[in-house]
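Below is one structure; the comments refer to it alone.
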Amino acid sequence: QVQLVESGGDSVQAGGSLRLSCAASGDTIGSACMAWFRQAPGMEREAVAAIATGGYSTYVADSVKDRFTISRDNAKNTVYLQMNSLKPEDTAMYYCAARSMACWHYPFRVDKYGYWGQGTQVTVSS
């Protein structure tokens with residue numbers, strides 16, 4: 001079992017920055033691949049970024065590429081999502097997810113992740 005706790009969500013103005021954190025505990029083998037997803041009201045959950053165990057392989061959605069960066073600190077069992085140049089369309093609940101399967105295999109498929117956090121709200125105003 002892996003427990004995930006997100007933090008860092010806030011309300012910011014367009015153009016601002018936020019850094020989200022996801023602290024993992026429990027069976028760390030189950031968090032070989034960790035990812036961030038987001039879900040806006042009335043929308044499907046969509047992938048934002050994923051990162052492999054060693055942190056050397058990352059996958060970032062085209063919609064946020066060049067603005068968002070995913071990283072991880074394995075010593076702290078924590079994954080981060082640095083979000084810059086935020087836009088109103090980035091407004092959503094952001095979820096951390098983890099799985100034991102390697103990241104290269106469908107990193108953006110919601111159904112491939114077995115562990116989820118409760119989410120942290122990001123609101124971007126224009």
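Ordering of the structure tokens sets the chain letters (A, B, ...); residue numbers start at 1 within each chain; ligands are numbered from 1 in the order shown.
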Check: Mind checking DSSP for chain A and telling me the helix (DSSP H, G or I) residues as a list of chain:residue names?
Finding: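 The helix (DSSP H, G or I) residues within chain A come out as A:Thr28, A:Ile29, A:Gly30, A:Ser31, A:Pro88, A:Glu89, A:Asp90, A:Val110, A:Asp111, A:Lys112.
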Go ahead and dump the residues you just picked, N, CA and C atoms, as a tab-separated table (two decimals), in the first residue's frame.
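New file result.tsv:
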```tsv
chain	number	residue	atom	x	y	z
A	28	THR	N	7.16	1.74	-0.79
A	28	THR	CA	7.74	2.61	-1.82
A	28	THR	C	7.92	1.88	-3.16
A	29	ILE	N	7.93	0.55	-3.12
A	29	ILE	CA	8.01	-0.19	-4.39
A	29	ILE	C	6.78	0.12	-5.23
A	30	GLY	N	5.71	0.42	-4.56
A	30	GLY	CA	4.48	0.74	-5.28
A	30	GLY	C	4.46	2.11	-5.90
A	31	SER	N	5.51	2.87	-5.69
A	31	SER	CA	5.56	4.23	-6.25
A	31	SER	C	6.72	4.38	-7.21
A	88	PRO	N	-5.64	30.65	-16.51
A	88	PRO	CA	-6.94	30.29	-15.94
A	88	PRO	C	-7.36	28.87	-16.28
A	89	GLU	N	-6.98	28.39	-17.45
A	89	GLU	CA	-7.35	27.02	-17.85
A	89	GLU	C	-6.58	25.96	-17.08
A	90	ASP	N	-5.63	26.35	-16.26
A	90	ASP	CA	-4.93	25.40	-15.39
A	90	ASP	C	-5.72	25.15	-14.10
A	110	VAL	N	-5.04	6.94	-16.85
A	110	VAL	CA	-5.58	7.02	-15.49
A	110	VAL	C	-5.73	5.62	-14.89
A	111	ASP	N	-6.20	4.68	-15.69
A	111	ASP	CA	-6.50	3.34	-15.17
A	111	ASP	C	-5.25	2.51	-14.88
A	112	LYS	N	-4.07	3.04	-15.21
A	112	LYS	CA	-2.83	2.31	-14.93
A	112	LYS	C	-2.27	2.63	-13.55
```
Checklist line | Who sits within 6 Å of range 35-51 of chain A, only C-alpha atoms, same chain under 5 positions skipped, as number ranges by chain | finding: A: 57-61, 92-97, 108
Prev. selection, C-alpha atoms, output as a PDB file, in the first residue's frame:
```pdb
ATOM      1  CA  SER A  57      12.721   9.909 -17.335  1.00  0.00           C
ATOM      2  CA  THR A  58       9.873  12.382 -17.312  1.00  0.00           C
ATOM      3  CA  TYR A  59       6.742  12.675 -19.369  1.00  0.00           C
ATOM      4  CA  VAL A  60       4.950  16.000 -19.652  1.00  0.00           C
ATOM      5  CA  ALA A  61       1.660  16.698 -21.380  1.00  0.00           C
ATOM      6  CA  ALA A  92      -8.400  22.251 -11.432  1.00  0.00           C
ATOM      7  CA  MET A  93      -8.020  19.783  -8.610  1.00  0.00           C
ATOM      8  CA  TYR A  94      -4.548  18.312  -8.914  1.00  0.00           C
ATOM      9  CA  TYR A  95      -4.026  14.690  -7.928  1.00  0.00           C
ATOM     10  CA  CYS A  96      -0.882  12.737  -7.248  1.00  0.00           C
ATOM     11  CA  ALA A  97      -0.824   9.130  -8.408  1.00  0.00           C
ATOM     12  CA  PHE A 108      -0.798   9.059 -18.979  1.00  0.00           C
TER      13      PHE A 108
END
```
Checklist line | Gap from CA of Cys103 in chain A to CA of Ser21 in chain A - Å, one decimal | finding: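 Here the two named atoms are 18.9 Å from each other.
With only C-alpha atoms as the atoms that count, the minimum distance from Ala24 in chain A to the choices A:Leu81, A:Ala98, A:Leu86, A:Ala52 is reached by A:Ala98.
As for CA of Gln1 in chain A and CA of Ser71 in chain A, they are spaced 22.0 Å apart.
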Which residues, written as a compact mmCIF listing (two decimals) with all heavy atoms, in the first residue's frame, have at least one atom at most 9 Å from Arg19 in chain A, with only C-alpha atoms counted and residues fewer than 2 positions away on the same chain left out?
```txt
# COMPACT_ATOMS: atom_id res chain seq x y z
N SER A 7 0.04 18.69 -1.37
CA SER A 7 -0.02 20.01 -0.75
C SER A 7 0.49 21.04 -1.73
O SER A 7 1.09 20.70 -2.75
CB SER A 7 0.81 20.05 0.54
OG SER A 7 2.18 19.80 0.25
N GLY A 8 0.24 22.31 -1.42
CA GLY A 8 0.77 23.38 -2.23
C GLY A 8 -0.25 24.09 -3.10
O GLY A 8 0.05 25.12 -3.71
N GLY A 9 -1.46 23.56 -3.19
CA GLY A 9 -2.47 24.22 -3.99
C GLY A 9 -2.86 25.57 -3.40
O GLY A 9 -2.80 25.77 -2.19
N SER A 17 3.12 31.48 -10.20
CA SER A 17 3.73 30.16 -10.08
C SER A 17 3.28 29.49 -8.79
O SER A 17 2.94 30.15 -7.80
CB SER A 17 5.26 30.28 -10.07
OG SER A 17 5.76 30.84 -11.26
N SER A 21 3.45 19.60 -3.96
CA SER A 21 4.23 18.50 -3.40
C SER A 21 3.34 17.30 -3.17
O SER A 21 2.15 17.46 -2.85
CB SER A 21 4.87 18.92 -2.06
OG SER A 21 5.75 20.01 -2.22
N TYR A 80 7.38 16.54 -6.88
CA TYR A 80 7.00 17.95 -6.99
C TYR A 80 6.49 18.27 -8.39
O TYR A 80 6.88 17.64 -9.37
CB TYR A 80 8.22 18.85 -6.70
CG TYR A 80 8.87 18.59 -5.37
CD1 TYR A 80 9.99 17.76 -5.27
CD2 TYR A 80 8.35 19.15 -4.20
CE1 TYR A 80 10.59 17.52 -4.04
CE2 TYR A 80 8.94 18.91 -2.97
CZ TYR A 80 10.05 18.09 -2.90
OH TYR A 80 10.64 17.84 -1.68
N LEU A 81 5.64 19.27 -8.46
CA LEU A 81 5.20 19.80 -9.74
C LEU A 81 5.37 21.32 -9.67
O LEU A 81 4.63 21.99 -8.96
CB LEU A 81 3.74 19.44 -10.04
CG LEU A 81 3.25 19.90 -11.41
CD1 LEU A 81 3.96 19.09 -12.52
CD2 LEU A 81 1.74 19.73 -11.54
N GLN A 82 6.37 21.81 -10.37
CA GLN A 82 6.59 23.25 -10.45
C GLN A 82 5.77 23.78 -11.61
O GLN A 82 5.94 23.34 -12.74
CB GLN A 82 8.08 23.54 -10.67
CG GLN A 82 8.40 25.03 -10.80
CD GLN A 82 8.13 25.81 -9.53
OE1 GLN A 82 8.48 25.38 -8.45
NE2 GLN A 82 7.51 26.98 -9.68
N MET A 83 4.90 24.72 -11.30
CA MET A 83 4.01 25.27 -12.32
C MET A 83 4.28 26.76 -12.48
O MET A 83 4.12 27.53 -11.53
CB MET A 83 2.55 25.04 -11.90
CG MET A 83 2.24 23.58 -11.62
SD MET A 83 0.48 23.29 -11.31
CE MET A 83 0.26 24.22 -9.79
N ASN A 84 4.71 27.14 -13.66
CA ASN A 84 5.01 28.54 -13.97
C ASN A 84 4.06 29.06 -15.04
O ASN A 84 3.42 28.28 -15.74
CB ASN A 84 6.46 28.67 -14.44
CG ASN A 84 7.46 28.24 -13.40
OD1 ASN A 84 7.26 28.41 -12.19
ND2 ASN A 84 8.58 27.67 -13.85
```
Which residues are near Arg72 in chain A? Cut-off 10 Å, only C-alpha atoms, ignore same chain within fewer than 3 positions. Put them as a PDB file with all heavy atoms, in the first residue's frame.
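Below is the file that was written, selection.pdb:
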```
ATOM      1  N   SER A  21       3.447  19.597  -3.958  1.00  0.00           N
ATOM      2  CA  SER A  21       4.234  18.502  -3.399  1.00  0.00           C
ATOM      3  C   SER A  21       3.337  17.302  -3.169  1.00  0.00           C
ATOM      4  O   SER A  21       2.154  17.459  -2.852  1.00  0.00           O
ATOM      5  CB  SER A  21       4.872  18.916  -2.065  1.00  0.00           C
ATOM      6  OG  SER A  21       5.745  20.011  -2.222  1.00  0.00           O
ATOM      7  N   CYS A  22       3.911  16.140  -3.301  1.00  0.00           N
ATOM      8  CA  CYS A  22       3.197  14.894  -3.032  1.00  0.00           C
ATOM      9  C   CYS A  22       4.117  14.003  -2.207  1.00  0.00           C
ATOM     10  O   CYS A  22       5.139  13.526  -2.719  1.00  0.00           O
ATOM     11  CB  CYS A  22       2.799  14.201  -4.318  1.00  0.00           C
ATOM     12  SG  CYS A  22       2.112  12.546  -4.069  1.00  0.00           S
ATOM     13  N   ALA A  23       3.750  13.798  -0.962  1.00  0.00           N
ATOM     14  CA  ALA A  23       4.547  12.962  -0.071  1.00  0.00           C
ATOM     15  C   ALA A  23       3.993  11.550  -0.077  1.00  0.00           C
ATOM     16  O   ALA A  23       2.799  11.349   0.177  1.00  0.00           O
ATOM     17  CB  ALA A  23       4.529  13.537   1.336  1.00  0.00           C
ATOM     18  N   MET A  34       5.511   7.867 -10.564  1.00  0.00           N
ATOM     19  CA  MET A  34       4.610   8.800  -9.916  1.00  0.00           C
ATOM     20  C   MET A  34       4.200   9.870 -10.908  1.00  0.00           C
ATOM     21  O   MET A  34       4.971  10.227 -11.808  1.00  0.00           O
ATOM     22  CB  MET A  34       5.259   9.412  -8.678  1.00  0.00           C
ATOM     23  CG  MET A  34       5.567   8.374  -7.613  1.00  0.00           C
ATOM     24  SD  MET A  34       6.099   9.066  -6.052  1.00  0.00           S
ATOM     25  CE  MET A  34       4.573   9.780  -5.446  1.00  0.00           C
ATOM     26  N   ILE A  51       6.887  10.774 -13.716  1.00  0.00           N
ATOM     27  CA  ILE A  51       8.327  10.684 -13.529  1.00  0.00           C
ATOM     28  C   ILE A  51       8.684   9.295 -13.033  1.00  0.00           C
ATOM     29  O   ILE A  51       8.010   8.729 -12.164  1.00  0.00           O
ATOM     30  CB  ILE A  51       8.821  11.772 -12.545  1.00  0.00           C
ATOM     31  CG1 ILE A  51      10.354  11.782 -12.465  1.00  0.00           C
ATOM     32  CG2 ILE A  51       8.201  11.602 -11.165  1.00  0.00           C
ATOM     33  CD1 ILE A  51      10.895  13.032 -11.774  1.00  0.00           C
ATOM     34  N   ALA A  52       9.750   8.741 -13.601  1.00  0.00           N
ATOM     35  CA  ALA A  52      10.192   7.407 -13.240  1.00  0.00           C
ATOM     36  C   ALA A  52      10.980   7.427 -11.932  1.00  0.00           C
ATOM     37  O   ALA A  52      11.333   8.489 -11.425  1.00  0.00           O
ATOM     38  CB  ALA A  52      11.056   6.847 -14.364  1.00  0.00           C
ATOM     39  N   THR A  53      11.257   6.251 -11.416  1.00  0.00           N
ATOM     40  CA  THR A  53      11.889   6.091 -10.111  1.00  0.00           C
ATOM     41  C   THR A  53      13.135   6.934  -9.939  1.00  0.00           C
ATOM     42  O   THR A  53      13.275   7.658  -8.956  1.00  0.00           O
ATOM     43  CB  THR A  53      12.255   4.624  -9.879  1.00  0.00           C
ATOM     44  OG1 THR A  53      11.089   3.827  -9.966  1.00  0.00           O
ATOM     45  CG2 THR A  53      12.885   4.439  -8.510  1.00  0.00           C
ATOM     46  N   GLY A  54      14.049   6.833 -10.892  1.00  0.00           N
ATOM     47  CA  GLY A  54      15.313   7.542 -10.748  1.00  0.00           C
ATOM     48  C   GLY A  54      15.220   9.017 -11.058  1.00  0.00           C
ATOM     49  O   GLY A  54      16.172   9.767 -10.823  1.00  0.00           O
ATOM     50  N   GLY A  55      14.092   9.426 -11.612  1.00  0.00           N
ATOM     51  CA  GLY A  55      13.912  10.827 -11.951  1.00  0.00           C
ATOM     52  C   GLY A  55      14.511  11.223 -13.283  1.00  0.00           C
ATOM     53  O   GLY A  55      14.420  12.378 -13.701  1.00  0.00           O
ATOM     54  N   TYR A  56      15.122  10.236 -13.964  1.00  0.00           N
ATOM     55  CA  TYR A  56      15.785  10.567 -15.236  1.00  0.00           C
ATOM     56  C   TYR A  56      14.820  10.591 -16.405  1.00  0.00           C
ATOM     57  O   TYR A  56      15.106  11.202 -17.437  1.00  0.00           O
ATOM     58  CB  TYR A  56      16.904   9.567 -15.498  1.00  0.00           C
ATOM     59  CG  TYR A  56      17.952   9.560 -14.404  1.00  0.00           C
ATOM     60  CD1 TYR A  56      18.082   8.456 -13.558  1.00  0.00           C
ATOM     61  CD2 TYR A  56      18.785  10.647 -14.191  1.00  0.00           C
ATOM     62  CE1 TYR A  56      19.025   8.454 -12.544  1.00  0.00           C
ATOM     63  CE2 TYR A  56      19.725  10.655 -13.187  1.00  0.00           C
ATOM     64  CZ  TYR A  56      19.848   9.548 -12.368  1.00  0.00           C
ATOM     65  OH  TYR A  56      20.777   9.541 -11.354  1.00  0.00           O
ATOM     66  N   ALA A  75      14.859  10.550  -1.462  1.00  0.00           N
ATOM     67  CA  ALA A  75      15.250  10.534  -0.052  1.00  0.00           C
ATOM     68  C   ALA A  75      14.092  10.990   0.830  1.00  0.00           C
ATOM     69  O   ALA A  75      13.961  10.568   1.976  1.00  0.00           O
ATOM     70  CB  ALA A  75      16.465  11.419   0.171  1.00  0.00           C
ATOM     71  N   LYS A  76      13.259  11.854   0.272  1.00  0.00           N
ATOM     72  CA  LYS A  76      12.100  12.364   1.004  1.00  0.00           C
ATOM     73  C   LYS A  76      10.800  11.710   0.548  1.00  0.00           C
ATOM     74  O   LYS A  76       9.727  12.059   1.045  1.00  0.00           O
ATOM     75  CB  LYS A  76      11.986  13.885   0.823  1.00  0.00           C
ATOM     76  CG  LYS A  76      13.152  14.667   1.388  1.00  0.00           C
ATOM     77  CD  LYS A  76      12.954  16.161   1.183  1.00  0.00           C
ATOM     78  CE  LYS A  76      14.106  16.951   1.771  1.00  0.00           C
ATOM     79  NZ  LYS A  76      13.924  18.418   1.581  1.00  0.00           N
ATOM     80  N   ASN A  77      10.905  10.789  -0.404  1.00  0.00           N
ATOM     81  CA  ASN A  77       9.709  10.141  -0.965  1.00  0.00           C
ATOM     82  C   ASN A  77       8.678  11.178  -1.390  1.00  0.00           C
ATOM     83  O   ASN A  77       7.485  11.053  -1.103  1.00  0.00           O
ATOM     84  CB  ASN A  77       9.088   9.183   0.056  1.00  0.00           C
ATOM     85  CG  ASN A  77       9.954   7.975   0.294  1.00  0.00           C
ATOM     86  OD1 ASN A  77      10.630   7.481  -0.607  1.00  0.00           O
ATOM     87  ND2 ASN A  77       9.966   7.489   1.518  1.00  0.00           N
ATOM     88  N   THR A  78       9.153  12.199  -2.065  1.00  0.00           N
ATOM     89  CA  THR A  78       8.290  13.307  -2.447  1.00  0.00           C
ATOM     90  C   THR A  78       8.461  13.638  -3.925  1.00  0.00           C
ATOM     91  O   THR A  78       9.574  13.619  -4.450  1.00  0.00           O
ATOM     92  CB  THR A  78       8.597  14.552  -1.603  1.00  0.00           C
ATOM     93  OG1 THR A  78       8.377  14.242  -0.225  1.00  0.00           O
ATOM     94  CG2 THR A  78       7.700  15.721  -1.996  1.00  0.00           C
ATOM     95  N   VAL A  79       7.348  13.911  -4.569  1.00  0.00           N
ATOM     96  CA  VAL A  79       7.331  14.345  -5.960  1.00  0.00           C
ATOM     97  C   VAL A  79       6.800  15.779  -5.996  1.00  0.00           C
ATOM     98  O   VAL A  79       5.894  16.134  -5.243  1.00  0.00           O
ATOM     99  CB  VAL A  79       6.444  13.434  -6.819  1.00  0.00           C
ATOM    100  CG1 VAL A  79       6.300  13.989  -8.223  1.00  0.00           C
ATOM    101  CG2 VAL A  79       7.018  12.039  -6.883  1.00  0.00           C
ATOM    102  N   TYR A  80       7.382  16.544  -6.884  1.00  0.00           N
ATOM    103  CA  TYR A  80       7.001  17.950  -6.985  1.00  0.00           C
ATOM    104  C   TYR A  80       6.486  18.270  -8.387  1.00  0.00           C
ATOM    105  O   TYR A  80       6.875  17.637  -9.365  1.00  0.00           O
ATOM    106  CB  TYR A  80       8.216  18.848  -6.700  1.00  0.00           C
ATOM    107  CG  TYR A  80       8.867  18.588  -5.372  1.00  0.00           C
ATOM    108  CD1 TYR A  80       9.986  17.762  -5.268  1.00  0.00           C
ATOM    109  CD2 TYR A  80       8.346  19.148  -4.204  1.00  0.00           C
ATOM    110  CE1 TYR A  80      10.586  17.523  -4.044  1.00  0.00           C
ATOM    111  CE2 TYR A  80       8.944  18.906  -2.973  1.00  0.00           C
ATOM    112  CZ  TYR A  80      10.054  18.090  -2.900  1.00  0.00           C
ATOM    113  OH  TYR A  80      10.636  17.842  -1.679  1.00  0.00           O
ATOM    114  N   LEU A  81       5.641  19.270  -8.455  1.00  0.00           N
ATOM    115  CA  LEU A  81       5.203  19.803  -9.735  1.00  0.00           C
ATOM    116  C   LEU A  81       5.367  21.317  -9.672  1.00  0.00           C
ATOM    117  O   LEU A  81       4.627  21.994  -8.963  1.00  0.00           O
ATOM    118  CB  LEU A  81       3.744  19.442 -10.038  1.00  0.00           C
ATOM    119  CG  LEU A  81       3.251  19.895 -11.411  1.00  0.00           C
ATOM    120  CD1 LEU A  81       3.956  19.092 -12.516  1.00  0.00           C
ATOM    121  CD2 LEU A  81       1.735  19.732 -11.536  1.00  0.00           C
TER     122      LEU A  81
END
```
Note to self: With distances taken over only C-alpha atoms, which residue among A:Thr69, A:Asn74, A:Ser25, A:Gln13 lies nearest Ser126 in chain A?
What the structure shows: A:Gln13
Next item on the list: Go through A:Asp73, A:His105, A:Ser85, A:Lys65 and flag the residue nearest Val12 in chain A, using only C-alpha atoms for the distances.
Entry: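 Answer, going by the shortest atom-to-atom distance: A:Ser85.
Taking only C-alpha atoms into account, Trp104 in chain A lies nearest to A:Ala32 out of the set A:Ala32, A:Leu4, A:Val124, A:Val64.
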Note to self: According to DSSP computed on the backbone, where in chain A is there strand (DSSP E or B)? Give the residues as a ChimeraX atom specification.
What the structure shows: /A:2-7,11-13,18-26,33-39,46-51,58-60,68-73,78-83,92-99,115-116,120-125
Check: In Å, with one decimal, what is the gap from CA of Thr91 in chain A to CA of Gly15 in chain A?
Finding: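 Here the two named atoms are 12.5 Å from each other.
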Next item on the list: Please provide as an NGL selection string all residues within 7 Å of Asp10 in chain A, with the sequence filter that same-chain residues fewer than 6 positions apart are discarded (counting only C-alpha atoms).
Entry: :A and (121-123)
Output C-alpha atoms for every residue in that selection, as a tab-separated table (two decimals), in the first residue's frame.
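Below you can see result_19.tsv, which holds the result:
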```tsv
chain	number	residue	atom	x	y	z
A	121	GLN	CA	-6.98	22.72	-5.49
A	122	VAL	CA	-5.31	25.15	-7.87
A	123	THR	CA	-7.27	28.20	-8.91
```
